[in-house]
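A.B. asks: Structure supplied as upload_14.txt; contents: compact mmCIF, C-alpha atoms and all ligand atoms.
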```
# COMPACT_ATOMS: atom_id res chain seq x y z
CA MET A 218 30.17 -124.95 19.69
CA ILE A 219 28.88 -127.18 22.50
CA ARG A 220 31.50 -128.47 24.90
CA ILE A 221 31.03 -131.77 26.74
CA GLY A 222 33.32 -132.64 29.64
CA LEU A 223 33.97 -136.13 30.95
CA ILE A 224 34.77 -135.51 34.59
CA ARG A 225 37.19 -137.43 36.81
CA GLU A 226 35.37 -139.55 39.41
CA GLY A 227 35.78 -138.07 42.87
CA LYS A 228 33.98 -140.61 45.05
CA THR A 229 36.09 -142.98 47.14
CA PRO A 230 36.75 -145.73 46.21
CA ALA A 231 37.09 -144.18 42.76
CA ASP A 232 34.83 -145.60 40.08
CA ASN A 233 36.73 -146.62 36.96
CA ARG A 234 33.83 -146.38 34.49
CA VAL A 235 33.21 -143.53 32.05
CA ALA A 236 30.20 -142.32 30.07
CA LEU A 237 31.92 -142.29 26.64
CA THR A 238 34.85 -144.38 25.43
CA PRO A 239 37.68 -142.88 23.32
CA ALA A 240 36.24 -144.48 20.16
CA GLN A 241 32.79 -143.07 20.93
CA CYS A 242 34.23 -139.58 21.52
CA LYS A 243 36.03 -139.83 18.20
CA TRP A 244 32.79 -140.89 16.50
CA ILE A 245 30.91 -137.92 17.98
CA HIS A 246 33.61 -135.51 16.79
CA LYS A 247 33.41 -136.95 13.32
CA ASN A 248 29.63 -136.82 13.14
CA SER A 249 28.92 -133.53 14.95
CA THR A 250 31.29 -130.77 13.95
CA ASP A 251 29.77 -128.37 16.51
CA VAL A 252 30.56 -130.61 19.51
CA GLN A 253 33.87 -130.72 21.35
CA ILE A 254 34.63 -133.28 24.03
CA ILE A 255 37.17 -132.54 26.75
CA VAL A 256 38.31 -135.29 29.10
CA GLN A 257 39.40 -134.40 32.60
CA SER A 258 42.65 -136.19 33.28
CA SER A 259 42.27 -139.22 35.59
CA PRO A 260 44.65 -141.88 36.91
CA ASN A 261 41.89 -144.46 37.57
CA ARG A 262 39.69 -144.54 34.51
CA CYS A 263 39.39 -147.86 32.65
CA PHE A 264 40.43 -145.98 29.48
CA SER A 265 43.70 -144.11 30.06
CA ASP A 266 44.37 -140.45 29.27
CA LYS A 267 46.71 -141.75 26.58
CA GLU A 268 43.92 -143.69 24.87
CA TYR A 269 41.75 -140.55 24.69
CA ARG A 270 44.67 -138.51 23.35
CA GLN A 271 45.35 -141.18 20.72
CA ALA A 272 41.71 -140.81 19.65
CA GLY A 273 42.32 -137.09 19.16
CA ILE A 274 40.47 -135.97 22.32
CA ALA A 275 41.79 -133.14 24.50
CA VAL A 276 42.77 -134.31 28.00
CA GLN A 277 43.26 -131.61 30.65
CA ASP A 278 42.51 -130.78 34.27
CA ASP A 279 40.31 -127.77 33.72
CA VAL A 280 36.81 -128.53 32.44
CA SER A 281 35.26 -125.25 33.56
CA ALA A 282 34.72 -124.15 29.94
CA CYS A 283 32.37 -127.09 29.28
CA ASP A 284 28.60 -126.64 28.98
CA VAL A 285 27.61 -130.17 29.98
CA LEU A 286 29.54 -132.45 32.34
CA PHE A 287 29.19 -136.24 32.32
CA GLY A 288 30.14 -138.25 35.39
CA ILE A 289 29.18 -141.65 36.74
CA LYS A 290 28.86 -141.58 40.54
CA GLU A 291 28.05 -138.74 42.94
CA VAL A 292 30.29 -135.66 42.48
CA PRO A 293 31.93 -134.54 45.75
CA VAL A 294 30.62 -131.11 46.81
CA SER A 295 34.15 -129.67 46.70
CA GLN A 296 34.43 -130.57 43.00
CA LEU A 297 31.13 -129.03 41.81
CA ILE A 298 31.40 -126.17 39.33
CA PRO A 299 28.61 -123.62 39.87
CA GLY A 300 26.04 -123.04 37.13
CA LYS A 301 26.91 -126.15 35.08
CA THR A 302 24.65 -128.90 33.72
CA TYR A 303 25.63 -132.25 35.18
CA LEU A 304 24.62 -135.80 34.29
CA PHE A 305 25.45 -138.55 36.79
CA PHE A 306 23.82 -141.05 39.12
CA SER A 307 22.96 -138.74 42.04
CA HIS A 308 21.10 -141.34 44.15
CA THR A 309 18.77 -138.69 45.48
CA ARG A 310 15.40 -139.62 43.91
CA LYS A 311 14.57 -141.91 46.85
CA LYS A 312 15.57 -139.13 49.28
CA GLN A 313 18.77 -140.92 50.19
CA PRO A 314 19.96 -139.13 53.35
CA TYR A 315 23.64 -139.61 52.54
CA ASN A 316 23.31 -137.44 49.41
CA GLN A 317 21.13 -134.67 50.83
CA ALA A 318 24.11 -132.35 51.42
CA LEU A 319 25.16 -132.81 47.78
CA PHE A 320 21.60 -132.02 46.65
CA HIS A 321 21.58 -128.83 48.72
CA ALA A 322 24.99 -127.81 47.40
CA MET A 323 23.78 -128.24 43.81
CA MET A 324 20.75 -126.06 44.60
CA GLU A 325 22.95 -123.35 46.11
CA GLN A 326 25.32 -123.45 43.16
CA GLN A 327 22.48 -123.16 40.61
CA ILE A 328 23.41 -126.41 38.99
CA THR A 329 21.19 -128.23 36.51
CA LEU A 330 21.05 -131.91 37.42
CA ILE A 331 19.91 -134.54 34.95
CA ASP A 332 19.98 -137.96 36.58
CA TYR A 333 20.75 -140.95 34.32
CA GLU A 334 18.45 -143.10 36.42
CA CYS A 335 15.49 -140.84 35.59
CA LEU A 336 15.92 -140.96 31.80
CA GLU A 337 12.91 -143.06 30.84
CA HIS A 338 10.96 -144.05 27.77
CA GLU A 339 7.26 -143.06 27.66
CA ASP A 340 6.21 -146.27 29.42
CA GLY A 341 8.55 -145.75 32.36
CA GLN A 342 11.29 -148.16 31.21
CA ARG A 343 14.73 -146.79 31.96
CA ILE A 344 16.77 -145.80 28.91
CA ILE A 345 20.35 -146.10 30.11
CA GLY A 346 22.08 -147.98 32.88
CA PHE A 347 24.80 -150.44 33.75
CA GLY A 348 22.40 -153.17 34.81
CA PHE A 349 23.24 -155.62 32.03
CA PHE A 350 26.88 -155.94 33.11
CA ALA A 351 25.88 -155.97 36.79
CA GLY A 352 23.80 -159.04 35.89
CA VAL A 353 26.68 -160.60 33.96
CA VAL A 354 29.24 -160.11 36.73
CA GLY A 355 26.80 -160.92 39.56
CA ALA A 356 25.65 -164.17 37.95
CA HIS A 357 29.26 -165.21 37.34
CA ASN A 358 30.17 -164.43 40.97
CA GLY A 359 27.13 -166.32 42.24
CA MET A 360 28.12 -169.40 40.26
CA MET A 361 31.72 -168.96 41.41
CA ALA A 362 30.55 -168.90 45.05
CA TRP A 363 28.53 -172.09 44.59
CA GLY A 364 31.57 -173.77 42.98
CA HIS A 365 33.72 -172.72 45.96
CA ARG A 366 31.19 -174.02 48.49
CA THR A 367 30.76 -177.41 46.85
CA GLY A 368 34.15 -177.87 45.22
CA ALA A 369 32.30 -178.87 42.03
CA TYR A 370 34.25 -176.52 39.73
CA ASP A 371 36.45 -173.42 39.79
CA LEU A 372 35.63 -170.14 38.11
CA VAL A 373 38.09 -167.29 37.49
CA ARG A 374 37.64 -163.76 38.82
CA VAL A 375 35.94 -161.51 36.25
CA HIS A 376 38.11 -158.46 36.94
CA LYS A 377 41.24 -160.46 36.11
CA GLN A 378 39.94 -160.84 32.54
CA LYS A 379 40.53 -158.08 30.01
CA SER A 380 37.04 -158.22 28.54
CA PHE A 381 33.68 -159.97 28.44
CA HIS A 382 34.92 -161.78 25.35
CA GLU A 383 37.87 -163.18 27.29
CA LEU A 384 35.56 -164.15 30.17
CA ILE A 385 33.35 -166.22 27.87
CA HIS A 386 36.38 -168.24 26.78
CA THR A 387 36.96 -169.34 30.39
CA TYR A 388 33.64 -171.25 30.32
CA PHE A 389 34.98 -173.76 27.84
CA GLY A 390 34.77 -177.23 29.42
CA LEU A 391 32.82 -176.02 32.47
CA ARG A 392 30.62 -178.78 33.88
CA ILE A 393 27.93 -177.62 36.25
CA PRO A 394 26.12 -180.33 38.26
CA ALA A 395 22.32 -180.76 38.13
CA ILE A 396 21.42 -177.74 40.24
CA LYS A 397 18.36 -175.50 40.13
CA ILE A 398 18.80 -171.76 39.76
CA ALA A 399 16.07 -169.15 40.22
CA VAL A 400 16.54 -165.86 38.36
CA THR A 401 14.26 -163.02 39.48
CA GLY A 402 13.44 -159.87 37.49
CA SER A 403 12.88 -158.85 33.91
CA GLY A 404 15.02 -155.73 33.40
CA ARG A 405 18.60 -155.15 32.40
CA VAL A 406 20.10 -157.00 35.35
CA ALA A 407 17.95 -160.06 34.64
CA HIS A 408 19.04 -159.99 30.98
CA GLY A 409 22.68 -160.00 32.05
CA ILE A 410 22.04 -162.98 34.34
CA LEU A 411 20.29 -164.89 31.54
CA GLU A 412 23.24 -164.20 29.23
CA ILE A 413 25.59 -165.92 31.70
CA MET A 414 23.15 -168.80 32.31
CA ASN A 415 23.02 -169.48 28.60
CA LEU A 416 26.79 -169.08 28.11
CA MET A 417 27.40 -171.55 30.94
CA GLY A 418 25.04 -174.04 29.31
CA VAL A 419 22.36 -173.92 32.00
CA HIS A 420 18.97 -174.82 30.49
CA GLU A 421 15.88 -172.67 30.86
CA VAL A 422 12.69 -174.32 32.16
CA GLU A 423 9.21 -172.98 32.87
CA PRO A 424 8.42 -171.93 36.46
CA ASP A 425 5.65 -174.54 36.93
CA GLU A 426 7.89 -177.41 35.80
CA TYR A 427 10.73 -176.07 37.93
CA LEU A 428 8.49 -176.38 40.98
CA GLN A 429 7.36 -179.90 40.17
CA ARG A 430 10.36 -181.68 38.65
CA GLN A 431 13.92 -182.62 39.42
CA TYR A 432 16.38 -182.68 36.53
CA THR A 433 19.54 -184.55 35.63
CA TYR A 434 21.19 -181.40 34.23
CA PRO A 435 21.50 -177.79 35.50
CA VAL A 436 18.43 -175.62 34.96
CA TYR A 437 17.26 -172.08 35.60
CA THR A 438 13.86 -170.48 35.60
CA GLN A 439 13.13 -166.78 35.22
CA LEU A 440 10.59 -165.45 37.70
CA LYS A 441 8.90 -162.22 36.67
CA GLY A 442 6.32 -160.09 38.49
CA ALA A 443 3.40 -162.43 37.86
CA ASP A 444 5.38 -165.41 39.26
CA LEU A 445 6.53 -163.51 42.34
CA TYR A 446 3.54 -161.47 43.53
CA ARG A 447 -0.23 -161.87 43.84
CA HIS A 448 -2.86 -159.36 44.84
CA ARG A 449 -3.91 -159.83 48.46
CA SER A 450 -7.64 -160.16 47.68
CA SER A 451 -8.04 -160.94 43.96
CA GLY A 452 -4.98 -163.22 43.67
CA ALA A 453 -4.22 -161.64 40.30
CA TYR A 454 -1.17 -159.69 39.08
CA ASN A 455 -1.38 -156.51 37.05
CA ARG A 456 1.97 -154.87 36.30
CA THR A 457 0.77 -151.26 36.26
CA HIS A 458 -1.30 -151.70 39.39
CA PHE A 459 1.56 -153.50 41.12
CA HIS A 460 3.92 -150.61 40.35
CA GLU A 461 1.37 -148.19 41.81
CA GLN A 462 0.22 -150.16 44.88
CA PRO A 463 2.81 -152.86 45.64
CA GLU A 464 1.75 -152.93 49.31
CA GLU A 465 -1.52 -154.58 48.21
CA TYR A 466 0.41 -157.63 46.99
CA ILE A 467 1.89 -160.61 48.76
CA GLY A 468 5.03 -162.46 47.78
CA HIS A 469 4.86 -165.89 46.20
CA PHE A 470 8.53 -166.81 46.05
CA LEU A 471 8.67 -169.25 48.97
CA PRO A 472 7.70 -172.39 46.98
CA TYR A 473 10.64 -171.60 44.69
CA ALA A 474 12.99 -171.18 47.67
CA HIS A 475 12.19 -174.80 48.46
CA GLN A 476 13.32 -175.91 45.00
CA THR A 477 16.34 -173.66 44.48
CA ASP A 478 20.08 -174.13 45.09
CA VAL A 479 21.22 -170.73 43.80
CA LEU A 480 19.15 -167.55 43.77
CA MET A 481 20.12 -164.80 41.32
CA ASN A 482 18.16 -161.72 42.39
CA GLY A 483 17.68 -159.03 39.74
CA ILE A 484 14.35 -157.39 40.61
CA TYR A 485 13.64 -153.75 41.32
CA TRP A 486 12.81 -153.34 45.01
CA ASP A 487 11.59 -150.66 47.40
CA THR A 488 10.42 -150.74 51.02
CA ASN A 489 6.72 -151.03 50.05
CA ILE A 490 7.33 -154.10 47.85
CA PRO A 491 7.09 -157.53 49.56
CA ARG A 492 10.40 -159.27 50.23
CA LEU A 493 11.19 -162.53 48.43
CA PHE A 494 11.18 -164.32 51.81
CA GLU A 495 11.48 -163.44 55.48
CA GLU A 496 14.39 -164.16 57.85
CA LYS A 497 12.42 -166.85 59.67
CA ASP A 498 11.83 -168.76 56.41
CA ILE A 499 15.47 -169.82 56.12
CA LEU A 500 15.10 -172.11 59.13
CA HIS A 501 12.31 -174.09 57.47
CA PRO A 502 13.69 -177.60 56.73
CA ALA A 503 12.62 -177.30 53.09
CA PHE A 504 14.48 -174.00 52.50
CA ARG A 505 17.08 -175.15 50.00
CA ILE A 506 18.93 -172.03 48.83
CA GLN A 507 22.65 -172.19 49.61
CA THR A 508 23.97 -169.32 47.54
CA ILE A 509 22.42 -165.93 46.81
CA ALA A 510 23.79 -163.54 44.23
CA ASP A 511 21.87 -160.44 45.37
CA ILE A 512 22.53 -158.21 42.41
CA THR A 513 19.57 -155.97 43.33
CA ASP A 514 21.62 -155.38 46.48
CA ASP A 515 19.45 -153.52 48.97
CA ALA A 516 20.71 -154.16 52.52
CA HIS A 517 17.91 -155.93 54.47
CA GLY A 518 15.82 -155.54 51.32
CA SER A 519 14.18 -158.06 48.99
CA VAL A 520 16.76 -160.52 50.35
CA PRO A 521 16.42 -159.92 54.10
CA ILE A 522 19.74 -161.60 54.86
CA ASN A 523 21.68 -159.13 52.73
CA LEU A 524 23.67 -157.65 55.62
CA GLY A 525 25.40 -155.00 53.53
CA ASP A 526 27.98 -154.71 50.83
CA GLN A 527 31.21 -156.55 50.24
CA THR A 528 33.90 -155.41 47.81
CA ILE A 529 34.99 -156.58 44.38
CA ASP A 530 38.09 -158.14 45.97
CA ASN A 531 36.06 -160.06 48.52
CA PRO A 532 32.49 -160.33 47.21
CA VAL A 533 30.98 -163.15 49.30
CA TYR A 534 30.11 -163.62 52.97
CA GLY A 535 28.14 -166.19 54.92
CA VAL A 536 25.03 -165.64 57.02
CA ASP A 537 24.54 -168.05 59.91
CA LYS A 538 21.10 -169.63 59.56
CA VAL A 539 20.42 -169.50 63.31
CA THR A 540 22.04 -166.30 64.54
CA LEU A 541 21.63 -164.43 61.22
CA GLN A 542 25.08 -162.96 61.84
CA LYS A 543 27.70 -162.43 59.17
CA THR A 544 30.27 -165.25 58.98
CA ALA A 545 33.09 -166.31 56.72
CA PRO A 546 31.70 -167.75 53.46
CA TYR A 547 31.23 -171.45 52.72
CA LEU A 548 30.56 -172.66 56.30
CA PRO A 549 28.17 -175.61 56.77
CA GLY A 550 25.47 -173.78 58.78
CA SER A 551 25.39 -170.65 56.66
CA ILE A 552 24.00 -169.32 53.40
CA ASP A 553 26.44 -167.52 51.12
CA VAL A 554 25.53 -164.02 49.97
CA MET A 555 27.28 -162.20 47.14
CA ALA A 556 26.49 -158.50 47.58
CA VAL A 557 28.54 -155.82 45.80
CA GLY A 558 27.25 -152.36 44.86
CA ASN A 559 29.55 -151.68 41.91
CA LEU A 560 29.55 -154.99 40.04
CA PRO A 561 29.99 -153.46 36.55
CA ASN A 562 33.40 -152.19 37.72
CA GLU A 563 34.68 -155.73 37.24
CA LEU A 564 34.17 -155.29 33.48
CA PRO A 565 34.52 -151.51 33.22
CA ARG A 566 35.50 -151.22 29.57
CA ASP A 567 32.62 -153.35 28.31
CA ALA A 568 30.17 -151.71 30.70
CA SER A 569 31.29 -148.20 29.67
CA ARG A 570 31.03 -149.06 25.97
CA TYR A 571 27.49 -150.37 26.44
CA PHE A 572 26.48 -147.31 28.49
CA GLY A 573 27.97 -144.89 25.93
CA GLU A 574 26.18 -146.61 23.07
CA GLN A 575 22.83 -146.07 24.75
CA LEU A 576 23.75 -142.50 25.63
CA ILE A 577 24.58 -141.71 22.01
CA LYS A 578 21.59 -143.58 20.60
CA TYR A 579 18.83 -142.21 22.82
CA ILE A 580 19.99 -139.13 24.72
CA LEU A 581 22.81 -137.14 23.19
CA GLU A 582 20.90 -135.49 20.36
CA ASP A 583 18.12 -134.27 22.68
CA LEU A 584 20.60 -133.16 25.30
CA LEU A 585 22.64 -131.06 22.89
CA ARG A 586 19.90 -129.64 20.74
CA ASN A 587 16.55 -130.13 22.43
CA GLN A 588 16.83 -129.88 26.20
CA GLY A 589 13.08 -129.24 26.20
CA SER A 590 12.38 -132.82 25.06
CA GLN A 591 10.04 -134.82 27.30
CA VAL A 592 12.73 -137.38 28.12
CA ILE A 593 15.26 -134.76 29.21
CA GLN A 594 12.69 -132.68 31.06
CA ARG A 595 11.41 -135.65 33.05
CA ALA A 596 14.97 -136.53 34.12
CA THR A 597 15.90 -132.96 35.12
CA MET A 598 15.74 -132.92 38.89
CA LEU A 599 17.20 -129.44 39.32
CA ASP A 600 16.99 -126.65 36.77
CA LYS A 601 19.60 -124.00 37.59
CA GLY A 602 19.34 -125.03 41.22
CA LYS A 603 15.52 -125.12 41.36
CA LEU A 604 13.55 -128.28 41.97
CA THR A 605 11.52 -129.07 38.83
CA THR A 606 7.77 -129.81 39.03
CA HIS A 607 8.29 -133.48 38.16
CA PHE A 608 10.37 -133.86 41.34
CA ASP A 609 8.10 -131.77 43.53
CA TYR A 610 7.73 -134.74 45.88
CA LEU A 611 11.33 -134.05 46.97
CA HIS A 612 10.48 -130.61 48.40
CA ASP A 613 11.03 -131.73 52.03
CA TYR A 614 14.33 -133.35 51.10
CA ALA A 615 15.33 -130.18 49.26
CA LYS A 616 14.28 -127.92 52.15
CA GLU A 617 15.33 -129.78 55.33
CA ARG A 618 18.68 -128.51 56.55
N1 LIG B 701 24.82 -154.43 42.36
C1 LIG B 701 25.04 -153.62 41.36
O1 LIG B 701 26.18 -153.32 41.02
C2 LIG B 701 23.86 -153.08 40.56
C3 LIG B 701 24.09 -152.45 39.34
C4 LIG B 701 23.01 -152.02 38.58
C5 LIG B 701 21.72 -152.17 39.09
N2 LIG B 701 21.53 -152.74 40.32
C6 LIG B 701 20.18 -152.87 40.90
O2 LIG B 701 19.49 -153.93 40.27
C7 LIG B 701 18.08 -153.66 40.25
C8 LIG B 701 17.51 -153.89 38.87
O3 LIG B 701 18.16 -153.01 37.96
P1 LIG B 701 17.82 -153.01 36.40
O4 LIG B 701 18.91 -152.23 35.74
O5 LIG B 701 17.51 -154.38 35.94
O6 LIG B 701 16.51 -152.15 36.36
P2 LIG B 701 15.51 -152.01 35.12
O7 LIG B 701 14.92 -150.66 35.29
O8 LIG B 701 16.18 -152.35 33.83
O9 LIG B 701 14.45 -153.15 35.41
C9 LIG B 701 13.83 -153.30 36.61
C10 LIG B 701 12.59 -154.16 36.47
O10 LIG B 701 11.74 -153.73 37.53
C11 LIG B 701 10.53 -153.24 37.00
N3 LIG B 701 10.18 -152.00 37.69
C12 LIG B 701 10.54 -150.75 37.32
N4 LIG B 701 9.99 -149.86 38.16
C13 LIG B 701 9.28 -150.56 39.08
C14 LIG B 701 8.50 -150.20 40.21
N5 LIG B 701 8.30 -148.93 40.58
N6 LIG B 701 7.96 -151.18 40.93
C15 LIG B 701 8.15 -152.46 40.60
N7 LIG B 701 8.87 -152.86 39.54
C16 LIG B 701 9.43 -151.91 38.78
C17 LIG B 701 10.76 -152.98 35.54
O11 LIG B 701 9.55 -153.19 34.83
C18 LIG B 701 11.82 -153.98 35.18
O12 LIG B 701 11.24 -155.20 34.83
C19 LIG B 701 17.93 -152.22 40.75
O13 LIG B 701 17.54 -152.26 42.11
C20 LIG B 701 19.32 -151.66 40.65
O14 LIG B 701 19.57 -150.67 41.64
C21 LIG B 701 22.58 -153.20 41.05
```
Translate the structure of the given file into C-alpha cells.

C.D. replies:
Amino acid sequence: MIRIGLIREGKTPADNRVALTPAQCKWIHKNSTDVQIIVQSSPNRCFSDKEYRQAGIAVQDDVSACDVLFGIKEVPVSQLIPGKTYLFFSHTRKKQPYNQALFHAMMEQQITLIDYECLEHEDGQRIIGFGFFAGVVGAHNGMMAWGHRTGAYDLVRVHKQKSFHELIHTYFGLRIPAIKIAVTGSGRVAHGILEIMNLMGVHEVEPDEYLQRQYTYPVYTQLKGADLYRHRSSGAYNRTHFHEQPEEYIGHFLPYAHQTDVLMNGIYWDTNIPRLFEEKDILHPAFRIQTIADITDDAHGSVPINLGDQTIDNPVYGVDKVTLQKTAPYLPGSIDVMAVGNLPNELPRDASRYFGEQLIKYILEDLLRNQGSQVIQRATMLDKGKLTTHFDYLHDYAKER
C-alpha cells in the first residue's frame, strides 16, 4: 500500500490551493486499489475537510505514516517530517536566498524533494503548473484596472465568483472600447490571457498589422520570442539558442509600447534576459501603455516598474512616470501596475482541479511505481537529503551556511 498525504499549507498568508481535489482523490482510490490518500485537516483549503470526507477520504492531523507528501507552497521548517518524499514548489532552483534555510533543513532531515516546477517533458516544457489560471485572473484584473482608470466599464472581482464558469457569465454585455492590448509569452500564462481576451470579445491581430494600424474595435496581439528579441549581431531569433545565451539578444518590444494601451506580460524572465523596456523609456512622448498586468511578476524584472507585489484584495498600484515612485492607482501622471504573486488563489477550486488533472495524467503513475523515470529523476533536487547530479549547480547554495 502506498500512502499519499495532502499536507496543510503552512506559509503565511496561507495558500488555499491543493494538489488533488476530493473528486480526484476518489477517482484515484477507485482506480488504484494499492493507493491510500490521507488529507491533513486544514481550515483554509478551497475544498473543506467535509468535502474530502464526503468523498470517502480520511481527514486527520497526523500524516507521518504517508510515503509521499503533496503540498503547494514552501513547507515551514518546523513542519517538515524527516525522511519523507515531498512534492511542492520550493522556489530554490534559482538559488533564492529566502529559501536557503529550508533547503538546508531538508538536507539535514534526509528529505527527498521533487519540485513541481522541475517536472519537464523531454524538450524542457514544464508539465504541471498553475500558470493558466494566473493568466486568466491576471488578464481579468488588468482589464478591470483599465476600466477603473478610464471609467469605460466595470468588472467584478474574480475571487467573489464561485468559479471560472460564473466569471465568464459576468462578461455578458461587456463593451470594451477600441484599445490595443499586447500579450507577451507563449506558455501557460499566455494561454490563460488569450482565453480571457477571446471571452471578452477582443480580436486577435498579427504583430505587424498591430504596429501599423489603428482599429475601430478592441484588439490584441500575441508577442512571442521572435517578436520580442533579436540576436545582437545576426538580427535573427533561434529559440534554443536564445534559451542558452539570452544575453546575446536585444529586446524589440519598444515599438509595441508605442502602440499599446494595456500590456499583459506572461513571458518567462531571468536576470540575463533583456527587459521589455527600460525605466527611461516611459518618459518618451510616444510611450502609450497606461496599464500593465505583470503576471510574470518579477520585481524590477522584465517590467522594470514592477515595484513589488500587491495582494489579492488590493492588486493595483500606480507608478509615477517622473519619480518612478509607487502611488495610488489611477492617477493622471502614473502607469497602473497589477502585480500579485498568487493570482490563481482568486480561482482556487478551478486552479486546483486543473493542476490535479495534470498531476494524475503525467506524473502520478511514475511517482508511485517508477521513481527512476527520467521525468521524476530530473525533478528530484534532493534524494534523501543529498543534492542530485542534475542540480549540481546548486552546490554553493547547498553548502553556504
Ligand atoms: N503571478 C502569478 O501568480 C504567477 C503564477 C504562475 C506563473 N507566474 C510566472 O509567469 C511566468 C510564465 O509562467 P508559465 O506558467 O507561462 O511558464 P511556461 O513554462 O508554461 O512558459 C514559459 C514560456 O517561456 C519559455 N521559456 C521556458 N524556459 C525558458 C528559458 N530558460 N528562457 C527563455 N524562455 C523560456 C517557454 O518556452 C514558454 O514559452 C513565470 O515567470 C512564472 O513564474 C506567475

A.B. asks: Neighbours of region 538-541 of chain A within 7 Å (only C-alpha atoms; same-chain residues fewer than 6 positions away dropped), as a list in words?

C.D. replies: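 Counting only the stated atoms, we get Ile499, Leu500, Gly550, Ser551 and Ile552 of chain A.
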
A.B. asks: Report as a PDB file with C-alpha atoms, in the frame of the given file which protein, DNA and RNA residues come within 7 Å of ligand LIG 701 (chain B), using all atoms listed in the file.

C.D. replies:
```pdb
ATOM      1  CA  GLN A 342      11.290-148.160  31.210  1.00  0.00           C
ATOM      2  CA  ARG A 343      14.730-146.790  31.960  1.00  0.00           C
ATOM      3  CA  GLY A 346      22.080-147.980  32.880  1.00  0.00           C
ATOM      4  CA  PHE A 347      24.800-150.440  33.750  1.00  0.00           C
ATOM      5  CA  GLY A 348      22.400-153.170  34.810  1.00  0.00           C
ATOM      6  CA  PHE A 349      23.240-155.620  32.030  1.00  0.00           C
ATOM      7  CA  ALA A 351      25.880-155.970  36.790  1.00  0.00           C
ATOM      8  CA  GLY A 402      13.440-159.870  37.490  1.00  0.00           C
ATOM      9  CA  SER A 403      12.880-158.850  33.910  1.00  0.00           C
ATOM     10  CA  GLY A 404      15.020-155.730  33.400  1.00  0.00           C
ATOM     11  CA  ARG A 405      18.600-155.150  32.400  1.00  0.00           C
ATOM     12  CA  VAL A 406      20.100-157.000  35.350  1.00  0.00           C
ATOM     13  CA  ALA A 407      17.950-160.060  34.640  1.00  0.00           C
ATOM     14  CA  PHE A 459       1.560-153.500  41.120  1.00  0.00           C
ATOM     15  CA  HIS A 460       3.920-150.610  40.350  1.00  0.00           C
ATOM     16  CA  GLY A 483      17.680-159.030  39.740  1.00  0.00           C
ATOM     17  CA  ILE A 484      14.350-157.390  40.610  1.00  0.00           C
ATOM     18  CA  TYR A 485      13.640-153.750  41.320  1.00  0.00           C
ATOM     19  CA  TRP A 486      12.810-153.340  45.010  1.00  0.00           C
ATOM     20  CA  ILE A 512      22.530-158.210  42.410  1.00  0.00           C
ATOM     21  CA  THR A 513      19.570-155.970  43.330  1.00  0.00           C
ATOM     22  CA  ASP A 514      21.620-155.380  46.480  1.00  0.00           C
ATOM     23  CA  ALA A 556      26.490-158.500  47.580  1.00  0.00           C
ATOM     24  CA  VAL A 557      28.540-155.820  45.800  1.00  0.00           C
ATOM     25  CA  GLY A 558      27.250-152.360  44.860  1.00  0.00           C
ATOM     26  CA  ASN A 559      29.550-151.680  41.910  1.00  0.00           C
ATOM     27  CA  LEU A 560      29.550-154.990  40.040  1.00  0.00           C
ATOM     28  CA  PRO A 561      29.990-153.460  36.550  1.00  0.00           C
TER      29      PRO A 561
END
```

A.B. asks: Using all atoms listed in the file, which of the listed residues (A:Gly573, A:Thr528, A:Gln588, A:Gln277) sits closest to Trp244 (chain A)?

C.D. replies: A:Gly573

A.B. asks: Using all atoms listed in the file, collect all residues at a distance of at most 10 Å from (14.0, -149.8, 52.1) as written in the file, then present them as a ChimeraX atom specification.

C.D. replies: /A:311,486-490,515-519

A.B. asks: Taking all atoms of region 532-547 of chain A that the file lists and extending 6 Å past them on each side, where is the centre of the axis-aligned box and how long are its edges? Answer in Å to one decimal, as JSON.

C.D. replies:
```
{"center_x": 26.8, "center_y": -165.9, "center_z": 55.9, "size_x": 24.7, "size_y": 23.1, "size_z": 29.3}
```

A.B. asks: Might you pull out every residue within 12 Å of Arg310 (chain A), with all atoms listed in the file counted and same-chain residues fewer than 4 positions away left off, and present them as JSON, numbers by chain?

C.D. replies: {"A": [306, 314, 315, 316, 317, 320, 330, 331, 332, 333, 334, 335, 596, 597, 598, 599, 604, 607, 608, 609, 610, 611, 612, 614, 615]}

A.B. asks: Taking only C-alpha atoms into account, which of A:Tyr579, A:Phe494, A:Tyr370, A:Phe287 comes nearest Leu391 (chain A)?

C.D. replies: A:Tyr370

A.B. asks: A:Gly535, A:Gly352, A:Gly525, A:Pro463: which is nearest Ala568 (chain A), counting all atoms listed in the file?

C.D. replies: A:Gly352

A.B. asks: Counting all atoms listed in the file, what is within 12 Å of region 280-285 of chain A, bar same-chain residues fewer than 4 positions away, as a compact mmCIF listing (two decimals) with C-alpha atoms, in the coordinates of the input?

C.D. replies:
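The result, written out as part.txt:
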```
# COMPACT_ATOMS: atom_id res chain seq x y z
CA MET A 218 30.17 -124.95 19.69
CA ILE A 219 28.88 -127.18 22.50
CA ARG A 220 31.50 -128.47 24.90
CA ILE A 221 31.03 -131.77 26.74
CA GLY A 222 33.32 -132.64 29.64
CA LEU A 223 33.97 -136.13 30.95
CA ILE A 224 34.77 -135.51 34.59
CA ARG A 225 37.19 -137.43 36.81
CA VAL A 252 30.56 -130.61 19.51
CA GLN A 253 33.87 -130.72 21.35
CA ILE A 254 34.63 -133.28 24.03
CA ILE A 255 37.17 -132.54 26.75
CA VAL A 256 38.31 -135.29 29.10
CA GLN A 257 39.40 -134.40 32.60
CA SER A 258 42.65 -136.19 33.28
CA ALA A 275 41.79 -133.14 24.50
CA VAL A 276 42.77 -134.31 28.00
CA GLN A 296 34.43 -130.57 43.00
CA LEU A 297 31.13 -129.03 41.81
CA ILE A 298 31.40 -126.17 39.33
CA PRO A 299 28.61 -123.62 39.87
CA GLY A 300 26.04 -123.04 37.13
CA LYS A 301 26.91 -126.15 35.08
CA THR A 302 24.65 -128.90 33.72
CA TYR A 303 25.63 -132.25 35.18
CA LEU A 304 24.62 -135.80 34.29
CA PHE A 305 25.45 -138.55 36.79
CA ILE A 328 23.41 -126.41 38.99
CA THR A 329 21.19 -128.23 36.51
CA LEU A 330 21.05 -131.91 37.42
CA ILE A 331 19.91 -134.54 34.95
CA LEU A 581 22.81 -137.14 23.19
CA LEU A 584 20.60 -133.16 25.30
CA LEU A 585 22.64 -131.06 22.89
CA GLN A 588 16.83 -129.88 26.20
```

A.B. asks: Can you work out the spacing between CA of Ile577 (chain A) and CA of Leu411 (chain A) in Å, to one decimal?

C.D. replies: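 Spanning CA of Ile577 (chain A) to CA of Leu411 (chain A) is a straight-line distance of 25.4 Å.
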